[in-house]
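Structure data (mmCIF, C-alpha atoms and all ligand atoms) from target-v3.cif:
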data_start
#
loop_
_atom_site.label_atom_id
_atom_site.label_comp_id
_atom_site.auth_asym_id
_atom_site.auth_seq_id
_atom_site.Cartn_x
_atom_site.Cartn_y
_atom_site.Cartn_z
CA MET A 1 -23.34 26.67 -30.64
CA LYS A 2 -23.97 22.98 -30.23
CA LEU A 3 -21.57 20.28 -31.36
CA LEU A 4 -22.43 16.59 -31.54
CA VAL A 5 -19.61 14.04 -31.69
CA ILE A 6 -20.23 10.36 -32.33
CA GLY A 7 -17.66 7.68 -31.48
CA ASP A 8 -16.22 5.07 -33.83
CA ILE A 9 -18.92 3.54 -36.07
CA VAL A 10 -18.33 -0.21 -36.17
CA GLY A 11 -19.62 -2.16 -39.15
CA ARG A 12 -23.16 -2.63 -40.47
CA SER A 13 -24.73 -2.72 -37.04
CA GLY A 14 -23.09 0.62 -36.19
CA LEU A 15 -24.23 2.18 -39.46
CA ASP A 16 -27.80 0.93 -38.90
CA ARG A 17 -27.93 2.43 -35.40
CA LEU A 18 -26.44 5.67 -36.73
CA LYS A 19 -29.19 5.84 -39.35
CA GLU A 20 -31.80 5.32 -36.65
CA GLU A 21 -30.46 7.88 -34.16
CA LEU A 22 -28.43 10.59 -35.87
CA PRO A 23 -31.10 12.50 -37.83
CA LYS A 24 -33.38 12.54 -34.72
CA LEU A 25 -30.58 13.76 -32.44
CA ILE A 26 -29.54 16.55 -34.80
CA LYS A 27 -33.12 17.79 -34.97
CA ASN A 28 -34.20 17.30 -31.36
CA LYS A 29 -31.05 18.76 -29.80
CA ASN A 30 -30.70 21.65 -32.29
CA ILE A 31 -27.22 20.54 -33.30
CA ASP A 32 -25.14 22.97 -35.39
CA PHE A 33 -22.22 20.66 -36.21
CA CYS A 34 -21.79 16.90 -36.18
CA ILE A 35 -18.50 15.00 -36.29
CA VAL A 36 -18.48 11.20 -36.66
CA ASN A 37 -15.48 8.89 -36.39
CA GLY A 38 -15.72 6.45 -39.30
CA GLU A 39 -12.51 4.43 -39.07
CA ASN A 40 -14.31 1.11 -38.38
CA SER A 41 -17.40 1.64 -40.54
CA ALA A 42 -16.42 -0.75 -43.37
CA GLY A 43 -17.04 -4.11 -41.69
CA GLY A 44 -15.04 -3.01 -38.65
CA LYS A 45 -11.93 -2.09 -40.63
CA GLY A 46 -11.48 1.23 -42.39
CA LEU A 47 -13.88 3.24 -44.55
CA ARG A 48 -14.75 3.08 -48.24
CA ASN A 49 -16.52 5.59 -50.47
CA LYS A 50 -19.88 3.96 -49.75
CA GLU A 51 -19.60 4.25 -45.96
CA TYR A 52 -18.41 7.84 -46.37
CA ALA A 53 -21.50 8.68 -48.44
CA GLU A 54 -23.78 6.86 -46.03
CA ILE A 55 -22.50 8.61 -42.89
CA ILE A 56 -22.67 12.02 -44.59
CA SER A 57 -26.25 11.28 -45.72
CA TYR A 58 -27.35 10.85 -42.07
CA GLY A 59 -26.15 14.37 -41.22
CA ALA A 60 -22.42 14.29 -40.42
CA ASP A 61 -20.53 17.47 -41.35
CA CYS A 62 -17.15 15.83 -40.95
CA ILE A 63 -15.85 12.25 -40.70
CA THR A 64 -12.62 11.56 -38.84
CA MET A 65 -10.39 8.51 -39.09
CA GLY A 66 -7.70 6.71 -37.12
CA ASN A 67 -5.28 3.81 -37.22
CA HIS A 68 -7.53 1.72 -39.50
CA LEU A 69 -6.99 4.13 -42.39
CA TYR A 70 -4.44 1.76 -43.96
CA TYR A 71 -6.73 -1.27 -43.98
CA ARG A 72 -8.56 -0.40 -47.21
CA LYS A 73 -5.45 -0.05 -49.35
CA GLU A 74 -7.41 1.07 -52.42
CA MET A 75 -8.59 4.10 -50.40
CA ALA A 76 -5.14 5.64 -49.84
CA LYS A 77 -5.45 7.66 -53.07
CA GLU A 78 -9.21 8.22 -52.67
CA TYR A 79 -9.24 10.02 -49.32
CA ILE A 80 -8.13 13.26 -50.96
CA ASN A 81 -11.37 13.33 -53.00
CA LEU A 82 -13.59 13.12 -49.92
CA SER A 83 -14.04 16.77 -48.97
CA LYS A 84 -15.51 16.17 -45.50
CA LEU A 85 -13.02 13.49 -44.46
CA LEU A 86 -10.07 14.01 -42.15
CA ILE A 87 -7.24 11.58 -41.67
CA PRO A 88 -4.78 12.10 -38.80
CA ALA A 89 -2.71 15.16 -39.75
CA ASN A 90 0.45 13.68 -38.26
CA ILE A 91 0.39 10.68 -40.63
CA THR A 92 3.35 11.17 -42.96
CA ASN A 93 2.75 8.72 -45.81
CA ILE A 94 -0.72 9.84 -46.98
CA GLU A 95 -1.00 13.40 -48.26
CA GLY A 96 -3.94 15.74 -47.65
CA ASN A 97 -7.12 15.76 -45.51
CA ASP A 98 -5.13 17.47 -42.73
CA ASN A 99 -7.68 19.96 -41.46
CA LEU A 100 -11.17 21.15 -42.30
CA ILE A 101 -13.22 24.29 -41.85
CA ILE A 102 -16.94 23.66 -41.71
CA ASP A 103 -18.68 26.92 -42.61
CA LYS A 104 -22.30 26.66 -41.50
CA ASN A 105 -24.93 28.80 -39.72
CA ASN A 106 -22.49 31.77 -39.99
CA ILE A 107 -19.94 29.91 -37.87
CA LYS A 108 -16.54 28.61 -38.96
CA LEU A 109 -15.65 25.45 -37.09
CA GLY A 110 -12.12 24.08 -37.59
CA VAL A 111 -11.49 20.37 -37.11
CA ILE A 112 -8.22 18.43 -36.72
CA ASN A 113 -7.70 14.66 -36.44
CA LEU A 114 -4.48 13.34 -34.85
CA VAL A 115 -3.26 9.84 -34.05
CA GLY A 116 -1.40 8.93 -30.87
CA ARG A 117 2.06 7.39 -30.76
CA ALA A 118 1.91 5.69 -27.36
CA GLU A 119 0.78 2.03 -27.40
CA MET A 120 -0.32 2.33 -31.03
CA GLY A 121 2.25 -0.08 -32.46
CA GLU A 122 5.44 0.37 -34.46
CA VAL A 123 3.59 1.57 -37.57
CA PHE A 124 2.66 4.80 -35.83
CA LYS A 125 6.15 5.31 -34.45
CA LYS A 126 7.33 5.15 -38.04
CA ASN A 127 4.49 6.73 -40.03
CA ALA A 128 3.34 9.48 -37.67
CA THR A 129 5.07 12.56 -36.35
CA ASN A 130 4.63 13.93 -32.84
CA PRO A 131 0.93 14.81 -32.42
CA PHE A 132 1.66 17.63 -29.95
CA ASN A 133 3.83 19.48 -32.48
CA GLU A 134 1.51 18.70 -35.38
CA ALA A 135 -1.45 20.07 -33.42
CA LEU A 136 0.24 23.50 -33.12
CA LYS A 137 0.95 23.53 -36.85
CA GLN A 138 -2.64 22.69 -37.80
CA ILE A 139 -4.10 25.14 -35.25
CA ASP A 140 -2.06 27.93 -36.89
CA ILE A 141 -3.36 26.97 -40.33
CA LEU A 142 -6.98 26.88 -39.12
CA LYS A 143 -6.63 30.27 -37.41
CA GLN A 144 -5.25 31.75 -40.62
CA LYS A 145 -8.28 30.32 -42.42
CA GLY A 146 -10.56 32.16 -39.98
CA ALA A 147 -11.70 29.33 -37.68
CA GLN A 148 -13.81 30.66 -34.80
CA TYR A 149 -13.76 27.34 -32.96
CA ILE A 150 -11.18 24.55 -33.12
CA VAL A 151 -11.98 20.96 -32.22
CA ILE A 152 -9.58 17.99 -32.15
CA ASP A 153 -10.29 14.26 -32.45
CA PHE A 154 -7.27 12.65 -30.79
CA HIS A 155 -7.36 9.02 -31.86
CA ALA A 156 -5.16 7.31 -29.30
CA GLU A 157 -4.86 4.36 -26.96
CA ALA A 158 -3.07 5.79 -23.95
CA THR A 159 -5.17 7.81 -21.53
CA ALA A 160 -2.04 9.67 -20.40
CA GLU A 161 -1.23 10.83 -23.94
CA LYS A 162 -4.78 12.15 -24.38
CA ILE A 163 -4.93 13.94 -21.03
CA ALA A 164 -1.45 15.43 -21.58
CA LEU A 165 -2.52 16.83 -24.97
CA ALA A 166 -5.59 18.34 -23.32
CA HIS A 167 -3.46 20.19 -20.76
CA TYR A 168 -1.02 21.25 -23.46
CA LEU A 169 -3.74 22.80 -25.66
CA LYS A 170 -6.36 23.90 -23.12
CA ASP A 171 -5.81 27.61 -23.82
CA THR A 172 -5.66 27.19 -27.60
CA VAL A 173 -8.63 25.09 -28.73
CA ASN A 174 -12.31 24.75 -27.78
CA CYS A 175 -12.72 20.99 -27.49
CA ILE A 176 -10.57 17.87 -27.50
CA PHE A 177 -12.22 14.47 -27.57
CA GLY A 178 -10.59 11.07 -27.70
CA THR A 179 -11.56 8.15 -29.92
CA HIS A 180 -10.13 4.66 -30.63
CA THR A 181 -10.68 2.64 -27.42
CA HIS A 182 -14.41 2.12 -28.20
CA VAL A 183 -15.14 2.43 -24.47
CA GLN A 184 -16.72 5.67 -23.30
CA THR A 185 -14.94 7.29 -20.36
CA ALA A 186 -16.80 9.13 -17.58
CA ASP A 187 -14.28 11.98 -17.26
CA GLU A 188 -15.98 14.62 -19.38
CA THR A 189 -14.97 18.03 -18.10
CA ILE A 190 -14.56 21.69 -18.92
CA PHE A 191 -11.14 23.17 -18.17
CA ASP A 192 -10.92 26.63 -16.50
CA SER A 193 -9.95 28.01 -19.89
CA GLY A 194 -13.33 26.87 -21.30
CA MET A 195 -12.06 23.90 -23.30
CA ALA A 196 -14.35 20.83 -23.23
CA TYR A 197 -12.66 17.46 -22.92
CA ILE A 198 -13.36 13.72 -22.73
CA THR A 199 -10.76 10.95 -22.91
CA ASP A 200 -12.91 8.70 -25.11
CA VAL A 201 -16.30 9.23 -26.72
CA GLY A 202 -16.92 5.47 -27.12
CA MET A 203 -18.39 3.66 -30.13
CA VAL A 204 -21.52 2.98 -32.13
CA GLY A 205 -21.05 -0.73 -32.53
CA PRO A 206 -22.37 -4.17 -31.59
CA SER A 207 -23.10 -4.30 -27.86
CA ASP A 208 -22.52 -8.05 -27.41
CA SER A 209 -18.92 -8.03 -28.64
CA VAL A 210 -15.37 -7.13 -27.64
CA LEU A 211 -15.05 -3.56 -28.98
CA GLY A 212 -17.00 -4.69 -32.08
CA LEU A 213 -15.04 -7.90 -32.65
CA LYS A 214 -16.89 -11.26 -32.28
CA LYS A 215 -16.29 -12.18 -28.66
CA GLU A 216 -15.38 -15.84 -29.40
CA ILE A 217 -12.55 -14.62 -31.64
CA ALA A 218 -11.39 -12.12 -29.05
CA ILE A 219 -11.33 -14.76 -26.31
CA ASN A 220 -9.44 -17.19 -28.55
CA ARG A 221 -6.90 -14.54 -29.45
CA PHE A 222 -6.13 -14.10 -25.76
CA LEU A 223 -6.20 -17.85 -25.02
CA THR A 224 -3.88 -18.76 -27.87
CA GLU A 225 -1.90 -15.49 -27.86
CA SER A 226 -1.99 -15.60 -31.64
CA TYR A 227 -3.62 -13.62 -34.44
CA ILE A 228 -7.04 -14.85 -35.55
CA LYS A 229 -8.72 -13.07 -38.45
CA TYR A 230 -11.03 -10.20 -37.54
CA GLU A 231 -14.78 -10.75 -37.83
CA CYS A 232 -17.15 -7.97 -36.94
CA SER A 233 -20.00 -8.85 -34.61
CA ASP A 234 -23.49 -8.08 -35.93
CA ASN A 235 -25.90 -7.64 -33.01
CA LYS A 236 -27.63 -4.34 -32.20
CA ALA A 237 -25.24 -1.47 -31.61
CA ILE A 238 -24.84 0.67 -28.53
CA PHE A 239 -24.71 4.38 -29.31
CA ASN A 240 -22.04 6.61 -27.74
CA GLY A 241 -21.43 10.29 -28.28
CA ILE A 242 -21.16 13.69 -26.64
CA VAL A 243 -22.99 16.97 -27.01
CA VAL A 244 -20.97 20.10 -26.26
CA GLU A 245 -22.57 23.51 -25.98
CA PHE A 246 -20.50 26.70 -26.38
CA ASP A 247 -21.18 30.33 -25.50
CA GLU A 248 -21.26 32.09 -28.84
CA PHE A 249 -19.71 35.27 -27.45
CA THR A 250 -16.81 33.89 -25.37
CA LYS A 251 -16.51 30.63 -27.38
CA LYS A 252 -16.09 28.80 -24.07
CA ALA A 253 -17.82 25.48 -23.44
CA ILE A 254 -20.89 25.75 -21.21
CA SER A 255 -21.67 22.05 -20.97
CA ILE A 256 -20.45 18.67 -22.12
CA LYS A 257 -22.89 15.78 -21.88
CA ARG A 258 -22.36 12.11 -22.69
CA ILE A 259 -24.78 10.05 -24.74
CA ASN A 260 -24.77 6.34 -23.92
CA MET A 261 -27.72 4.34 -25.18
FE FE B 301 -11.94 2.47 -33.73
FE FE B 302 -8.65 3.08 -33.81
#
Would it be possible to restate this file's structure as structure tokens?
Ligand SMILES: [Fe+2]
Ligand SMILES: [Fe+2]
Amino acid sequence: MKLLVIGDIVGRSGLDRLKEELPKLIKNKNIDFCIVNGENSAGGKGLRNKEYAEIISYGADCITMGNHLYYRKEMAKEYINLSKLLIPANITNIEGNDNLIIDKNNIKLGVINLVGRAEMGEVFKKNATNPFNEALKQIDILKQKGAQYIVIDFHAEATAEKIALAHYLKDTVNCIFGTHTHVQTADETIFDSGMAYITDVGMVGPSDSVLGLKKEIAINRFLTESYIKYECSDNKAIFNGIVVEFDEFTKKAISIKRINM
């Protein structure tokens, strides 16, 4: 079984690059399942119905979210209607979209999205429960629903929080990947238990930018140490993802390969 994961899609430039690359990748690499993080797809902040539809149309089986889920306030009541969307299961003030089973090619793949609580700001201390405990709860639900594989998108800032969750769940799930930092890490690995792991998948977003943000604004934010309104950069996007292959009998990962183009 082959799983393709694509990092945070940032704005129009990210969507355009996704359109260019995703259908080809799915075909050429014989991908069974594709998960895309969409939390920055609407102009760099959040996701609306139209970005959801667009990302699904390019071949995603599941779209995951992150801390930007609050940005599009009108979407809070809409998420529940998007059947392939996950929001972090440990978020307490938006109901639903906690876990997903993708049933395809005679395989049931379970997916969970969680948000970190370290270095994520006060909002996520208040509005999110402990992701380690929530993970166990969602894993139980997915197993009861017949999941043959379980994959987690851990949307978090702190590398330590991500690596700790990986060690905590290495015997329980098949793959944990991190999102949120928009910078791909080079630590992809397979644990002895067969779980594939990477601290951050990276992004599909404007290459000449600071994580997708116009670099002049980013520099001025640091110079002035004050908030300056977000503007998404619009030059050609880099494309970051991972491909994980699993043994269909043991369900253990055989390989995890980074895509960085
Ligand atoms: Fe992001
Ligand atoms: Fe994020």
Select, from A:Asn106, A:Asn49, A:Asn81, A:Thr129, the residue with the minimum atom-to-atom distance to Asn93 of chain A, counting all atoms listed in the file.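 For Asn93 of chain A, the nearest of the given residues is A:Thr129.
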Residues within 12 Å of ligand FE 302 (chain B), counting only C-alpha atoms and all ligand atoms: report them as a ChimeraX atom specification. /A:7-10,37-41,44-47,64-71,87-88,113-117,119-121,124,153-158,178-183,200,202-203,211-212
Min atom-atom distance to ligand FE 301 (chain B) from the set A:Phe33, A:Asn133, A:Ala42, A:Lys27, counting all atoms listed in the file, belongs to A:Ala42
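Proximity to ligand FE 301 (chain B) was assessed for A:Gly11, A:Cys34, A:Leu25, A:Ala53 counting all atoms listed in the file; the smallest distance is recorded for A:Gly11.
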Determine the nearest neighbour of Glu20 of chain A from the options A:Ile55, A:Leu100, A:Ile242, A:Leu136, counting all atoms listed in the file.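 Of all the options, A:Ile55 lies closest to Glu20 of chain A.
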Report the distance between atom CA of Glu95 of chain A and atom CA of Lys137 of chain A in Å, rounded to one decimal place.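 Those two atoms sit 15.4 Å apart.
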Name the residues within 6 Å of (-13.1, 9.9, -18.8), counting all atoms listed in the file in the file's coordinates, and put them as a PyMOL selection string. chain A and resi 185-188+198-199
Would you put the residues from that selection into a file with C-alpha atoms, as a PDB file, in the coordinates of the input?
ATOM      1  CA  THR A 185     -14.940   7.290 -20.360  1.00  0.00           C
ATOM      2  CA  ALA A 186     -16.800   9.130 -17.580  1.00  0.00           C
ATOM      3  CA  ASP A 187     -14.280  11.980 -17.260  1.00  0.00           C
ATOM      4  CA  GLU A 188     -15.980  14.620 -19.380  1.00  0.00           C
ATOM      5  CA  ILE A 198     -13.360  13.720 -22.730  1.00  0.00           C
ATOM      6  CA  THR A 199     -10.760  10.950 -22.910  1.00  0.00           C
TER       7      THR A 199
END
Looking at all atoms listed in the file, which of A:Gln144, A:Gly96, A:Tyr168, A:Ala160 is the one that sits closest to Phe132 of chain A?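 Going through A:Gln144, A:Gly96, A:Tyr168, A:Ala160 one by one, the smallest distance to Phe132 of chain A is for A:Tyr168.
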A:Ser226, A:Asn28, A:Thr189, A:Ser57 ranked by distance to Ile256 of chain A, top pick (using all atoms listed in the file):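 Nearest candidate to Ile256 of chain A out of A:Ser226, A:Asn28, A:Thr189, A:Ser57: A:Thr189.
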What does the distance between atom CA of Val123 of chain A and atom CA of Asp98 of chain A come to in Å, to one decimal place? 18.9 Å
Atom pair atom CA of Ile152 of chain A / atom CA of Phe249 of chain A: separation (Å):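 Atom CA of Phe249 of chain A lies at a distance of 20.6 Å from atom CA of Ile152 of chain A.
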For Ala237 of chain A, list every protein, DNA or RNA residue within 10 Å, evaluated using all atoms listed in the file, and leave out those in the same chain fewer than 5 positions away; present the list as a list in words.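 That gives Ile9, Val10, Gly11, Arg12, Ser13, Gly14, Leu15, Asp16, Arg17, Leu18, Met203, Val204, Gly205, Pro206, Ser207, Asp208, Ser209, Gly212 and Met261 of chain A.
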